[in-house]
$ cat protein.cif   # mmCIF, C-alpha atoms and all ligand atoms
data_start
#
loop_
_atom_site.label_atom_id
_atom_site.label_comp_id
_atom_site.auth_asym_id
_atom_site.auth_seq_id
_atom_site.Cartn_x
_atom_site.Cartn_y
_atom_site.Cartn_z
CA MET A 131 -25.01 -24.26 -4.46
CA PRO A 132 -21.80 -26.29 -4.05
CA GLY A 133 -21.78 -28.86 -1.24
CA SER A 134 -19.79 -28.87 1.97
CA ALA A 135 -17.50 -31.76 0.98
CA LYS A 136 -13.77 -31.17 1.19
CA VAL A 137 -12.28 -29.17 -1.64
CA ARG A 138 -9.43 -30.80 -3.54
CA MET A 139 -6.74 -28.21 -4.05
CA VAL A 140 -4.35 -28.95 -6.90
CA LYS A 141 -1.20 -26.96 -7.28
CA GLY A 142 0.48 -26.93 -10.67
CA PRO A 143 2.22 -27.95 -12.70
CA ALA A 144 -0.38 -30.68 -12.90
CA GLU A 145 -2.84 -32.33 -15.22
CA VAL A 146 -6.14 -33.43 -13.74
CA ALA A 147 -8.36 -35.94 -15.56
CA VAL A 148 -11.83 -35.63 -14.05
CA ASP A 149 -13.84 -38.85 -13.96
CA GLY A 150 -17.29 -37.78 -12.79
CA ILE A 151 -19.02 -34.53 -11.95
CA CYS A 152 -16.84 -31.69 -10.74
CA HIS A 153 -16.61 -27.89 -10.79
CA VAL A 154 -13.65 -25.53 -10.69
CA LEU A 155 -14.57 -21.93 -9.84
CA GLY A 156 -18.11 -22.46 -11.04
CA SER A 157 -16.99 -23.95 -14.35
CA ASP A 158 -18.27 -27.48 -15.05
CA VAL A 159 -15.16 -29.60 -15.72
CA SER A 160 -16.90 -33.00 -15.60
CA GLY A 161 -15.10 -35.53 -17.78
CA GLN A 162 -12.45 -33.01 -18.84
CA VAL A 163 -8.69 -32.89 -18.51
CA ILE A 164 -7.62 -29.66 -16.80
CA ALA A 165 -4.08 -28.33 -16.87
CA VAL A 166 -3.00 -26.41 -13.78
CA ARG A 167 -0.18 -24.00 -14.52
CA PRO A 168 3.02 -23.93 -12.43
CA GLY A 169 2.55 -21.92 -9.23
CA LYS A 170 -1.25 -21.82 -9.63
CA ALA A 171 -3.51 -23.58 -7.10
CA LEU A 172 -7.03 -24.48 -8.26
CA PRO A 173 -9.93 -25.74 -6.13
CA PHE A 174 -11.66 -28.83 -7.55
CA GLU A 175 -15.17 -29.33 -6.12
CA PRO A 176 -16.38 -32.84 -6.97
CA SER A 177 -19.92 -34.12 -6.53
CA GLY A 178 -20.85 -37.75 -5.76
CA GLN A 179 -18.60 -40.47 -7.05
CA CYS A 180 -16.07 -38.28 -8.79
CA ARG A 181 -12.45 -39.40 -9.14
CA LEU A 182 -9.55 -37.18 -10.06
CA HIS A 183 -6.57 -38.74 -11.84
CA LEU A 184 -3.57 -36.55 -11.26
CA ARG A 185 -0.25 -36.18 -13.03
CA PHE A 186 2.15 -33.76 -11.42
CA GLY A 187 5.12 -31.89 -12.75
CA ARG A 188 7.89 -30.66 -10.47
CA GLY A 189 6.45 -28.82 -7.46
CA GLY A 190 2.87 -29.93 -8.18
CA ARG A 191 0.77 -31.41 -5.37
CA MET A 192 -2.76 -32.02 -4.11
CA TRP A 193 -4.34 -31.53 -0.68
CA LEU A 194 -7.77 -31.48 0.92
CA ALA A 195 -9.03 -28.08 2.06
CA ASN A 196 -11.90 -26.91 4.19
CA PRO A 197 -14.68 -25.27 2.14
CA ALA A 198 -14.80 -22.51 4.79
CA GLY A 199 -11.63 -21.08 3.25
CA ALA A 200 -11.30 -22.72 -0.17
CA GLY A 201 -13.43 -23.33 -3.21
CA THR A 202 -16.54 -21.33 -4.00
CA THR A 203 -18.96 -22.05 -1.12
CA MET A 204 -17.56 -19.12 0.87
CA TRP A 205 -18.16 -16.76 -2.08
CA TYR A 206 -21.47 -18.18 -3.29
CA ASP A 207 -23.75 -15.56 -1.65
CA ILE A 208 -21.62 -12.59 -2.68
CA ALA A 209 -21.32 -13.78 -6.28
CA ARG A 210 -25.09 -14.29 -6.45
CA GLN A 211 -25.78 -10.92 -4.84
CA VAL A 212 -23.56 -9.20 -7.40
CA SER A 213 -24.64 -11.16 -10.44
CA VAL A 214 -28.37 -10.56 -9.89
CA LEU A 215 -27.62 -6.84 -10.21
CA ALA A 216 -26.27 -7.53 -13.67
CA ASP A 217 -29.62 -7.33 -15.43
CA LYS A 218 -28.48 -3.76 -16.05
CA LYS A 219 -24.97 -2.66 -17.03
CA ILE A 220 -22.78 -2.75 -13.93
CA THR A 221 -19.16 -2.42 -12.87
CA VAL A 222 -17.76 -4.40 -9.98
CA MET A 223 -14.37 -3.52 -8.54
CA LEU A 224 -12.35 -5.99 -6.45
CA ALA A 225 -10.02 -4.74 -3.74
CA GLY A 226 -7.97 -6.42 -1.03
CA ASP A 227 -4.53 -7.34 0.17
CA THR A 228 -2.22 -9.60 -1.72
CA ASP A 229 -3.18 -13.29 -1.95
CA THR A 230 -6.71 -12.76 -0.64
CA GLY A 231 -8.25 -14.32 -3.76
CA LYS A 232 -9.18 -11.32 -5.96
CA SER A 233 -7.97 -12.87 -9.22
CA THR A 234 -9.54 -16.22 -8.40
CA PHE A 235 -12.83 -14.52 -7.53
CA SER A 236 -12.76 -12.61 -10.86
CA ALA A 237 -12.80 -15.94 -12.71
CA TYR A 238 -15.53 -17.33 -10.46
CA LEU A 239 -17.73 -14.24 -10.78
CA ALA A 240 -17.29 -14.27 -14.56
CA ASN A 241 -18.37 -17.94 -14.63
CA VAL A 242 -21.42 -17.18 -12.47
CA ALA A 243 -22.37 -14.34 -14.82
CA LEU A 244 -22.05 -16.65 -17.84
CA SER A 245 -24.34 -19.18 -16.17
CA ARG A 246 -26.93 -16.38 -15.99
CA ARG A 247 -26.36 -15.62 -19.70
CA VAL A 248 -24.65 -12.33 -18.98
CA VAL A 249 -21.44 -11.62 -20.93
CA PRO A 250 -18.76 -10.69 -18.41
CA CYS A 251 -15.82 -8.52 -19.28
CA VAL A 252 -12.83 -8.94 -17.00
CA ILE A 253 -10.47 -6.01 -16.68
CA ASP A 254 -7.16 -7.00 -15.22
CA GLY A 255 -5.64 -4.02 -13.46
CA ASP A 256 -2.94 -5.95 -11.64
CA ILE A 257 0.14 -4.50 -13.32
CA GLY A 258 2.51 -6.79 -11.40
CA GLN A 259 0.77 -10.16 -11.64
CA GLY A 260 -1.88 -9.85 -14.32
CA ASP A 261 -3.45 -12.85 -16.00
CA LEU A 262 -4.78 -11.31 -19.21
CA VAL A 263 -1.76 -9.29 -20.27
CA PRO A 264 1.96 -9.05 -19.59
CA PRO A 265 3.04 -7.17 -16.46
CA ALA A 266 3.20 -3.37 -16.72
CA SER A 267 -0.05 -3.47 -18.71
CA ILE A 268 -3.79 -3.57 -18.23
CA GLY A 269 -6.06 -5.74 -20.33
CA ALA A 270 -9.74 -6.40 -20.88
CA ALA A 271 -11.31 -9.61 -22.14
CA ALA A 272 -14.95 -10.49 -22.73
CA LEU A 273 -15.53 -14.14 -21.91
CA SER A 274 -17.68 -16.23 -24.21
CA GLY A 275 -17.30 -19.42 -22.15
CA PRO A 276 -16.33 -20.43 -18.61
CA VAL A 277 -12.69 -20.46 -17.55
CA THR A 278 -10.73 -22.16 -14.79
CA ASP A 279 -7.75 -19.86 -15.23
CA LEU A 280 -7.99 -16.33 -16.64
CA ARG A 281 -4.67 -16.93 -18.41
CA ASP A 282 -6.71 -19.00 -20.89
CA ALA A 283 -8.75 -15.95 -21.91
CA SER A 284 -7.48 -13.56 -24.53
CA ALA A 285 -7.63 -9.85 -24.01
CA SER A 286 -8.80 -7.67 -26.87
CA LEU A 287 -8.10 -4.29 -25.31
CA PHE A 288 -4.85 -3.09 -23.79
CA GLU A 289 -3.43 -0.13 -21.92
CA PHE A 290 0.26 0.29 -21.19
CA VAL A 291 1.51 1.54 -17.81
CA GLY A 292 5.21 0.74 -18.13
CA HIS A 293 5.79 -0.19 -14.47
CA ILE A 294 5.27 -3.41 -12.56
CA SER A 295 4.50 -1.65 -9.29
CA PRO A 296 2.03 1.20 -8.85
CA ALA A 297 4.33 2.96 -6.34
CA GLY A 298 4.67 6.50 -7.64
CA TYR A 299 2.35 5.78 -10.59
CA GLU A 300 -0.94 5.32 -8.74
CA TYR A 301 -2.71 8.04 -10.67
CA LEU A 302 -1.47 6.71 -14.01
CA VAL A 303 -2.87 3.26 -13.17
CA ALA A 304 -6.21 4.77 -12.10
CA LYS A 305 -6.46 6.79 -15.33
CA LYS A 306 -5.56 3.85 -17.55
CA LEU A 307 -8.12 1.71 -15.74
CA ARG A 308 -10.78 4.28 -16.39
CA SER A 309 -9.84 4.51 -20.04
CA ILE A 310 -10.03 0.74 -20.53
CA LEU A 311 -13.31 0.52 -18.60
CA GLU A 312 -14.87 3.06 -20.94
CA ARG A 313 -13.60 1.19 -23.99
CA ALA A 314 -14.73 -2.15 -22.52
CA ALA A 315 -18.35 -0.99 -22.37
CA LYS A 316 -18.84 -2.32 -25.89
CA LEU A 317 -17.50 -5.78 -24.95
CA GLY A 318 -20.04 -6.74 -22.32
CA ASP A 319 -22.61 -5.60 -19.78
CA PHE A 320 -20.89 -6.79 -16.67
CA SER A 321 -17.44 -5.37 -16.02
CA ILE A 322 -15.31 -6.99 -13.35
CA VAL A 323 -12.27 -4.88 -12.49
CA ASN A 324 -9.52 -6.74 -10.66
CA THR A 325 -6.88 -4.63 -8.90
CA ASP A 326 -3.44 -5.42 -7.54
CA GLY A 327 -2.58 -6.28 -3.93
CA TYR A 328 -0.31 -3.24 -3.57
CA VAL A 329 0.01 -2.52 0.15
CA ARG A 330 1.63 0.90 0.53
CA ASP A 331 -1.07 3.57 0.89
CA ALA A 332 -3.51 0.91 -0.27
CA CYS A 333 -6.60 2.70 1.02
CA ALA A 334 -5.87 6.04 -0.66
CA TYR A 335 -4.88 4.24 -3.86
CA LYS A 336 -7.98 2.03 -3.98
CA LEU A 337 -10.20 5.02 -3.21
CA MET A 338 -8.56 6.95 -6.07
CA ILE A 339 -9.26 4.03 -8.42
CA ALA A 340 -12.86 3.79 -7.20
CA LYS A 341 -13.39 7.51 -7.78
CA GLU A 342 -12.10 7.16 -11.35
CA LEU A 343 -14.13 4.05 -12.11
CA GLN A 344 -17.33 4.92 -10.23
CA PRO A 345 -18.20 1.22 -9.82
CA ASP A 346 -21.65 0.09 -8.75
CA VAL A 347 -20.21 -2.41 -6.29
CA ILE A 348 -16.84 -2.85 -4.60
CA VAL A 349 -16.02 -6.25 -3.15
CA CYS A 350 -13.40 -6.03 -0.37
CA PHE A 351 -11.48 -9.19 0.40
CA GLY A 352 -10.28 -10.24 3.84
CA GLU A 353 -10.44 -8.61 7.23
CA ASN A 354 -9.36 -5.09 6.42
CA PRO A 355 -11.41 -2.57 8.42
CA THR A 356 -9.25 0.36 7.26
CA LEU A 357 -9.88 -0.41 3.61
CA PHE A 358 -13.58 -0.93 4.29
CA LYS A 359 -13.79 2.42 6.12
CA ALA A 360 -11.95 4.22 3.31
CA LEU A 361 -14.34 2.89 0.69
CA ARG A 362 -17.68 2.67 2.49
CA ASP A 363 -18.79 6.29 2.06
CA GLY A 364 -18.80 6.41 -1.72
CA PRO A 365 -21.81 6.26 -4.05
CA TRP A 366 -21.19 2.53 -4.53
CA GLN A 367 -22.23 -0.51 -2.55
CA VAL A 368 -19.41 -2.17 -0.57
CA LEU A 369 -19.55 -5.91 0.07
CA CYS A 370 -17.08 -7.86 2.18
CA ALA A 371 -15.87 -11.26 1.04
CA ARG A 372 -13.82 -13.82 2.91
CA ALA A 373 -10.20 -14.09 1.93
CA SER A 374 -9.23 -17.48 0.59
CA SER A 375 -7.27 -19.67 2.97
CA TYR A 376 -3.62 -18.90 2.97
CA VAL A 377 -2.04 -20.21 -0.26
CA SER A 378 0.52 -17.51 -0.75
CA LYS A 379 2.63 -17.45 -3.88
CA SER A 380 6.33 -17.70 -3.08
CA ARG A 381 8.69 -15.06 -4.37
CA PHE A 382 10.08 -17.60 -6.84
CA GLU A 383 6.59 -18.49 -8.09
CA ARG A 384 5.68 -14.84 -8.51
CA THR A 385 8.86 -14.17 -10.49
CA ARG A 386 8.33 -17.23 -12.65
CA ARG A 387 4.68 -16.44 -13.35
CA ARG A 388 5.60 -12.87 -14.18
CA LEU A 389 8.36 -13.94 -16.56
CA ASP A 390 6.03 -16.48 -18.22
CA GLN A 391 3.52 -13.70 -18.88
CA PHE A 392 6.15 -11.45 -20.47
CA HIS A 393 7.34 -14.21 -22.77
CA ARG A 394 3.82 -15.34 -23.73
CA TYR A 395 3.00 -11.89 -25.08
CA ILE A 396 6.23 -10.78 -26.68
CA GLY A 397 6.04 -13.04 -29.72
CA ARG A 398 8.79 -14.57 -31.81
CA GLY A 399 8.81 -12.33 -34.85
CA SER A 400 11.24 -9.49 -35.48
CA PHE A 401 10.25 -6.21 -37.11
CA THR A 402 12.29 -3.18 -37.99
CA ALA A 403 10.84 0.33 -38.16
CA LYS A 404 12.31 3.60 -39.30
CA LEU A 405 12.74 5.91 -36.32
CA ARG A 406 11.47 8.89 -38.25
CA GLN A 407 8.10 7.17 -38.68
CA LEU A 408 7.64 6.62 -34.95
CA LYS A 409 6.56 8.42 -31.83
CA PHE A 410 7.66 7.37 -28.35
CA VAL A 411 5.25 7.47 -25.43
CA TYR A 412 6.15 7.38 -21.75
CA GLY A 413 3.30 7.74 -19.28
CA GLU A 414 1.34 10.63 -20.70
CA MET A 415 4.29 12.21 -22.53
CA VAL A 416 4.86 11.82 -26.26
CA PHE A 417 8.32 12.27 -27.84
CA SER A 418 9.46 12.61 -31.41
CA PRO A 419 12.45 10.52 -32.58
CA LEU A 420 14.49 13.73 -32.92
CA GLU A 421 14.56 13.80 -29.13
CA LEU A 422 16.63 10.62 -29.09
CA ARG A 423 19.64 12.82 -29.92
CA GLN A 424 19.45 14.60 -26.59
CA PRO A 425 17.11 12.48 -24.54
CA PRO A 426 14.97 14.50 -22.14
CA ILE A 427 14.20 11.30 -20.17
CA LYS A 428 16.40 8.32 -19.40
CA GLN A 429 14.03 5.87 -21.08
CA LEU A 430 15.03 7.40 -24.42
CA GLU A 431 18.76 6.81 -23.93
CA ARG A 432 19.99 4.15 -26.33
CA LYS A 433 21.64 2.04 -23.62
CA ASN A 434 18.35 1.92 -21.71
CA LEU A 435 16.24 1.27 -24.78
CA LYS A 436 18.14 -1.93 -25.58
CA LYS A 437 16.22 -4.93 -24.18
CA MET A 438 13.44 -2.63 -23.02
CA PHE A 439 9.99 -4.20 -22.77
CA VAL A 440 7.69 -1.99 -24.83
CA GLY A 441 4.08 -1.66 -25.89
CA LEU A 442 3.43 -1.19 -29.61
CA GLY A 443 0.51 0.39 -31.32
CA SER A 444 -0.96 2.75 -33.82
CA GLY A 445 -2.54 6.07 -32.97
CA ASP A 446 -3.33 5.96 -29.29
CA ARG A 447 -4.17 2.25 -29.14
CA VAL A 448 -1.77 -0.35 -27.74
CA GLU A 449 -1.98 -3.47 -29.89
CA GLY A 450 0.80 -5.67 -28.61
CA PHE A 451 4.15 -5.96 -26.92
CA GLY A 452 7.79 -6.54 -27.68
CA ILE A 453 11.43 -6.18 -26.66
CA VAL A 454 13.80 -3.75 -28.32
CA THR A 455 16.64 -5.85 -29.76
CA ASP A 456 18.53 -3.12 -31.58
CA ILE A 457 18.46 0.62 -32.11
CA THR A 458 20.67 2.71 -34.40
CA THR A 459 20.47 6.33 -35.44
CA SER A 460 17.84 5.48 -38.04
CA ILE A 461 16.05 2.23 -37.15
CA ILE A 462 14.70 0.27 -34.23
CA ARG A 463 14.39 -3.52 -34.26
CA ILE A 464 11.85 -5.17 -32.04
CA GLN A 465 11.12 -8.78 -31.20
CA THR A 466 7.35 -8.91 -31.52
CA ASP A 467 4.49 -10.31 -33.55
CA ILE A 468 3.13 -6.84 -34.30
CA ALA A 469 4.14 -6.05 -37.87
CA HIS A 470 2.87 -2.47 -38.10
CA PHE A 471 3.20 0.16 -35.42
CA ASP A 472 3.83 3.85 -35.26
CA ARG A 473 4.02 4.25 -31.48
CA VAL A 474 6.45 2.68 -29.06
CA TYR A 475 5.30 2.79 -25.44
CA LEU A 476 8.31 2.90 -23.13
CA SER A 477 8.70 1.16 -19.78
CA ASN A 478 11.02 0.85 -16.82
CA ILE A 479 11.67 -2.79 -17.57
CA GLN A 480 14.50 -4.58 -19.29
CA LEU A 481 14.00 -8.21 -20.12
CA ASP A 482 16.28 -11.12 -20.50
CA ARG A 483 15.21 -14.63 -21.38
CA ALA A 484 15.75 -15.58 -17.74
CA GLU A 485 15.01 -12.49 -15.72
CA VAL A 486 13.11 -9.24 -15.46
CA VAL A 487 15.15 -6.23 -14.52
CA GLU A 488 13.28 -3.22 -13.34
CA ILE A 489 15.31 -0.20 -14.35
CA ARG A 490 14.23 2.52 -12.01
CA LEU A 491 15.05 5.35 -14.38
N1 LIG B 1 -11.44 -19.84 -3.45
C1 LIG B 1 -10.21 -20.33 -3.41
N2 LIG B 1 -10.03 -21.62 -3.11
C2 LIG B 1 -8.81 -22.13 -3.06
N3 LIG B 1 -7.68 -21.45 -3.31
C3 LIG B 1 -7.80 -20.17 -3.61
C4 LIG B 1 -9.06 -19.55 -3.68
N4 LIG B 1 -8.86 -18.26 -3.99
C5 LIG B 1 -7.55 -18.10 -4.12
N5 LIG B 1 -6.91 -19.26 -3.90
C6 LIG B 1 -5.48 -19.44 -3.95
O1 LIG B 1 -4.86 -18.44 -3.14
C7 LIG B 1 -3.78 -17.83 -3.80
C8 LIG B 1 -4.03 -16.36 -3.96
O2 LIG B 1 -5.14 -16.18 -4.82
P1 LIG B 1 -5.20 -15.02 -5.91
O3 LIG B 1 -4.01 -15.05 -6.77
O4 LIG B 1 -6.54 -15.14 -6.53
O5 LIG B 1 -5.14 -13.78 -4.92
P2 LIG B 1 -4.99 -12.24 -5.27
O6 LIG B 1 -5.72 -11.52 -4.20
O7 LIG B 1 -5.40 -12.01 -6.67
O8 LIG B 1 -3.43 -12.05 -5.09
P3 LIG B 1 -2.53 -10.83 -5.67
O9 LIG B 1 -2.81 -9.64 -4.83
O10 LIG B 1 -1.13 -11.35 -5.49
O11 LIG B 1 -2.90 -10.64 -7.11
C9 LIG B 1 -3.62 -18.55 -5.13
O12 LIG B 1 -2.62 -19.53 -5.00
C10 LIG B 1 -4.98 -19.17 -5.38
O13 LIG B 1 -4.89 -20.33 -6.12
MG MG B 2 -4.38 -11.13 -8.30
#
$ encode --input "protein.cif" --output "structure tokens" --more "lines below"
Ligand SMILES: Nc1ncnc2c1ncn2[C@@H]1O[C@H](COP(=O)(O)OP(=O)(O)OP(=O)(O)O)[C@@H](O)[C@H]1O
Ligand SMILES: [Mg+2]
Amino acid sequence: MPGSAKVRMVKGPAEVAVDGICHVLGSDVSGQVIAVRPGKALPFEPSGQCRLHLRFGRGGRMWLANPAGAGTTMWYDIARQVSVLADKKITVMLAGDTDTGKSTFSAYLANVALSRRVVPCVIDGDIGQGDLVPPASIGAAALSGPVTDLRDASASLFEFVGHISPAGYEYLVAKKLRSILERAAKLGDFSIVNTDGYVRDACAYKLMIAKELQPDVIVCFGENPTLFKALRDGPWQVLCARASSYVSKSRFERTRRRLDQFHRYIGRGSFTAKLRQLKFVYGEMVFSPLELRQPPIKQLERKNLKKMFVGLGSGDRVEGFGIVTDITTSIIRIQTDIAHFDRVYLSNIQLDRAEVVEIRL
């Protein structure tokens, strides 16, 4: 169990050279150099004579935090309680308000599972602020080694939602989560499903997700009696975890982290496909290219397709992402690293190098 010494919080951009014994979210980082991404705050938990040598980029900083609200001590019992259940196949769902620590806990719980030789599979259902996939998508990654930041893990399964907020698409998100959870069963025995911090109708939405996923355990973060009440009567066990101390992400940081995620996954290649060889998918609807002539939905209008962020895949599997750079009456050109695709998954998002525009079509 971690000690009660002060936690060293490091906010990125920063590089931390660890001289001595230290853990970050249950991952042993002794003697390592850890990069902390811009806008991300990581708890370093040193033991004994450990020294941290810090190099900050713009906006980076370090402060001492109380282990009652930072680091892993406050989550130690819950993580143990959940991970001992993982000698059989289990699904754990995380729910709570924004900035309560759900994503951070996912990484910690995955690291605890690894230390017990259980392969964790993290499913990132936060379509606005995901770590494993670009926004508007859901991803699943099995972890073979500990992580300090889930953005270092690579997802092998994807689902495409097409929206960066669940408002109006709650059911679509729940269905896609269920689909990826079923597919993720082959990746590992311990599925950790992170959800977004969406606040409107949060209880009904989280209950809908829980009913789709049928998790064994739901961990609720923060003081939220209404959420607890909404979830407590299901066939799952509900555990309450402390919210992390208040390190909210500013609007600017959220936008920047979201944009970074889009650009990380879009790729630098450019591929052209013949329209007649493609199908277009929006939500659960599938369109043939002939329908581009008289588009039944606005997403298929040429002016909206240009610069649209899209998912790309074959059959009914999303394999990657891209931006539409050109579309004529016969071809579509896409900036992406996916060379072969026969489905284009449409979204409500247009992307520029510098900004994300949500086109509420
Ligand atoms: N145990 C912790 N110790 C220290 N800082 C933490 C801890 N957990 C979370 N934080 C910090 O609090 C902030 C919010 O955490 P996190 O992003 O994990 O929350 P979230 O519930 O996933 O938020 P969202 O709903 O926006 O996805 C982050 O800056 C994170 O670094
Ligand atoms: Mg999160």
$ closest_residue --input "protein.cif" --among "A:Asp279, A:Asp326, A:Asp467, A:Asp261" --to "ligand LIG 1 (chain B)" --atoms "all atoms listed in the file"
A:Asp326
$ residues_near_ligand --input "protein.cif" --ligand "ligand MG 2 (chain B)" --cutoff "12 Å" --atoms "all atoms listed in the file" --output "NGL selection string"
:A and (170 or 224-237 or 253-262 or 265 or 279-281 or 323-328 or 351 or 374 or 378-379 or 384 or 387-388)
$ residues_around --input "protein.cif" --residues "Val416 (chain A)" --least-positions-apart "4" --cutoff "10 Å" --atoms "all atoms listed in the file" --output "MDAnalysis selection string"
chainID A and resid 409:412 473:475
$ write_last_selection --input "protein.cif" --atoms "C-alpha atoms" --output "PDB file, in the frame of the given file"
ATOM      1  CA  LYS A 409       6.560   8.420 -31.830  1.00  0.00           C
ATOM      2  CA  PHE A 410       7.660   7.370 -28.350  1.00  0.00           C
ATOM      3  CA  VAL A 411       5.250   7.470 -25.430  1.00  0.00           C
ATOM      4  CA  TYR A 412       6.150   7.380 -21.750  1.00  0.00           C
ATOM      5  CA  ARG A 473       4.020   4.250 -31.480  1.00  0.00           C
ATOM      6  CA  VAL A 474       6.450   2.680 -29.060  1.00  0.00           C
ATOM      7  CA  TYR A 475       5.300   2.790 -25.440  1.00  0.00           C
TER       8      TYR A 475
END
$ residues_around --input "protein.cif" --residues "Val214 (chain A)" --least-positions-apart "2" --cutoff "12 Å" --atoms "only C-alpha atoms" --output "VMD selection string"
chain A and resid 207 to 212 216 to 220 239 242 to 248 320
$ closest_residue --input "protein.cif" --among "A:Ile164, A:Ala297, A:Ala135, A:Ala403" --to "Val277 (chain A)" --atoms "all atoms listed in the file"
A:Ile164
$ closest_residue --input "protein.cif" --among "A:Thr203, A:Thr458, A:Ser177, A:Gln162" --to "ligand LIG 1 (chain B)" --atoms "only C-alpha atoms and all ligand atoms"
A:Thr203
$ residues_around --input "protein.cif" --residues "region 356-362 of chain A" --least-positions-apart "3" --cutoff "9 Å" --atoms "all atoms listed in the file" --output "PyMOL selection string"
chain A and resi 225-226+332-334+336-337+340+348+350+353+365-370
$ closest_residue --input "protein.cif" --among "A:Ile322, A:Ala272, A:Leu343, A:Cys251" --to "Ala304 (chain A)" --atoms "all atoms listed in the file"
A:Leu343
$ closest_residue --input "protein.cif" --among "A:Gly269, A:Gly142, A:Pro168, A:Gly161" --to "Arg313 (chain A)" --atoms "only C-alpha atoms"
A:Gly269
$ residues_near_point --input "protein.cif" --point "(11.7, -8.7, -34.7)" --cutoff "9 Å" --atoms "all atoms listed in the file" --output "list of chain:residue names"
A:Gly397, A:Arg398, A:Gly399, A:Ser400, A:Phe401, A:Thr402, A:Gly452, A:Ile453, A:Val454, A:Thr455, A:Arg463, A:Ile464, A:Gln465, A:Thr466, A:Asp467, A:Ile468, A:Ala469
$ write_last_selection --input "protein.cif" --atoms "C-alpha atoms" --output "PDB file, in the frame of the given file"
ATOM      1  CA  GLY A 397       6.040 -13.040 -29.720  1.00  0.00           C
ATOM      2  CA  ARG A 398       8.790 -14.570 -31.810  1.00  0.00           C
ATOM      3  CA  GLY A 399       8.810 -12.330 -34.850  1.00  0.00           C
ATOM      4  CA  SER A 400      11.240  -9.490 -35.480  1.00  0.00           C
ATOM      5  CA  PHE A 401      10.250  -6.210 -37.110  1.00  0.00           C
ATOM      6  CA  THR A 402      12.290  -3.180 -37.990  1.00  0.00           C
ATOM      7  CA  GLY A 452       7.790  -6.540 -27.680  1.00  0.00           C
ATOM      8  CA  ILE A 453      11.430  -6.180 -26.660  1.00  0.00           C
ATOM      9  CA  VAL A 454      13.800  -3.750 -28.320  1.00  0.00           C
ATOM     10  CA  THR A 455      16.640  -5.850 -29.760  1.00  0.00           C
ATOM     11  CA  ARG A 463      14.390  -3.520 -34.260  1.00  0.00           C
ATOM     12  CA  ILE A 464      11.850  -5.170 -32.040  1.00  0.00           C
ATOM     13  CA  GLN A 465      11.120  -8.780 -31.200  1.00  0.00           C
ATOM     14  CA  THR A 466       7.350  -8.910 -31.520  1.00  0.00           C
ATOM     15  CA  ASP A 467       4.490 -10.310 -33.550  1.00  0.00           C
ATOM     16  CA  ILE A 468       3.130  -6.840 -34.300  1.00  0.00           C
ATOM     17  CA  ALA A 469       4.140  -6.050 -37.870  1.00  0.00           C
TER      18      ALA A 469
END
$ atom_distance --input "protein.cif" --atom1 "CA of Ala266 (chain A)" --atom2 "CA of Lys433 (chain A)"
20.4 Å
$ atom_distance --input "protein.cif" --atom1 "CA of Glu383 (chain A)" --atom2 "atom O6 of ligand LIG 1 (chain B)"
14.7 Å
$ closest_residue --input "protein.cif" --among "A:Val329, A:Ala315, A:Val146, A:Leu302" --to "ligand LIG 1 (chain B)" --atoms "all atoms listed in the file"
A:Val329
$ atom_distance --input "protein.cif" --atom1 "CA of Gly445 (chain A)" --atom2 "CA of Pro425 (chain A)"
22.3 Å
$ residues_near_point --input "protein.cif" --point "(-13.2, -29.9, 6.1)" --cutoff "9 Å" --atoms "only C-alpha atoms" --output "PyMOL selection string"
chain A and resi 134-137+194-198
$ residues_around --input "protein.cif" --residues "Arg447 (chain A)" --least-positions-apart "6" --cutoff "10 Å" --atoms "only C-alpha atoms" --output "PyMOL selection string"
chain A and resi 287-290+441+471+473
$ residues_around --input "protein.cif" --residues "Gln179 (chain A)" --least-positions-apart "5" --cutoff "9 Å" --atoms "all atoms listed in the file" --output "ChimeraX atom specification"
/A:149-151
$ axis_aligned_box --input "protein.cif" --around "region 284-296 of chain A" --padding-each-side "6 Å" --output "lines of an AutoDock Vina configuration file"
center_x = -1.5
center_y = -6.0
center_z = -17.9
size_x = 26.6
size_y = 27.1
size_z = 30.0
$ decode --input "protein.cif" --residues "region 203-223 of chain A" --atoms "C-alpha atoms" --output "PDB file, in the first residue's frame"
ATOM      1  CA  THR A 203      -4.031   5.854  -1.455  1.00  0.00           C
ATOM      2  CA  MET A 204      -7.659   7.016  -1.576  1.00  0.00           C
ATOM      3  CA  TRP A 205      -8.462   4.387  -4.237  1.00  0.00           C
ATOM      4  CA  TYR A 206      -6.327   1.541  -2.912  1.00  0.00           C
ATOM      5  CA  ASP A 207      -9.139  -0.399  -1.165  1.00  0.00           C
ATOM      6  CA  ILE A 208     -11.595  -0.071  -4.042  1.00  0.00           C
ATOM      7  CA  ALA A 209      -9.024  -1.135  -6.630  1.00  0.00           C
ATOM      8  CA  ARG A 210      -8.104  -4.161  -4.515  1.00  0.00           C
ATOM      9  CA  GLN A 211     -11.748  -5.042  -3.901  1.00  0.00           C
ATOM     10  CA  VAL A 212     -12.433  -4.955  -7.644  1.00  0.00           C
ATOM     11  CA  SER A 213      -9.259  -6.647  -8.801  1.00  0.00           C
ATOM     12  CA  VAL A 214      -9.654  -9.660  -6.479  1.00  0.00           C
ATOM     13  CA  LEU A 215     -12.934 -10.370  -8.270  1.00  0.00           C
ATOM     14  CA  ALA A 216     -10.987 -10.661 -11.492  1.00  0.00           C
ATOM     15  CA  ASP A 217     -10.067 -14.310 -11.057  1.00  0.00           C
ATOM     16  CA  LYS A 218     -13.135 -14.790 -13.244  1.00  0.00           C
ATOM     17  CA  LYS A 219     -14.067 -12.705 -16.294  1.00  0.00           C
ATOM     18  CA  ILE A 220     -15.535  -9.417 -15.081  1.00  0.00           C
ATOM     19  CA  THR A 221     -16.649  -6.044 -16.373  1.00  0.00           C
ATOM     20  CA  VAL A 222     -16.248  -2.899 -14.314  1.00  0.00           C
ATOM     21  CA  MET A 223     -18.003   0.284 -15.352  1.00  0.00           C
TER      22      MET A 223
END
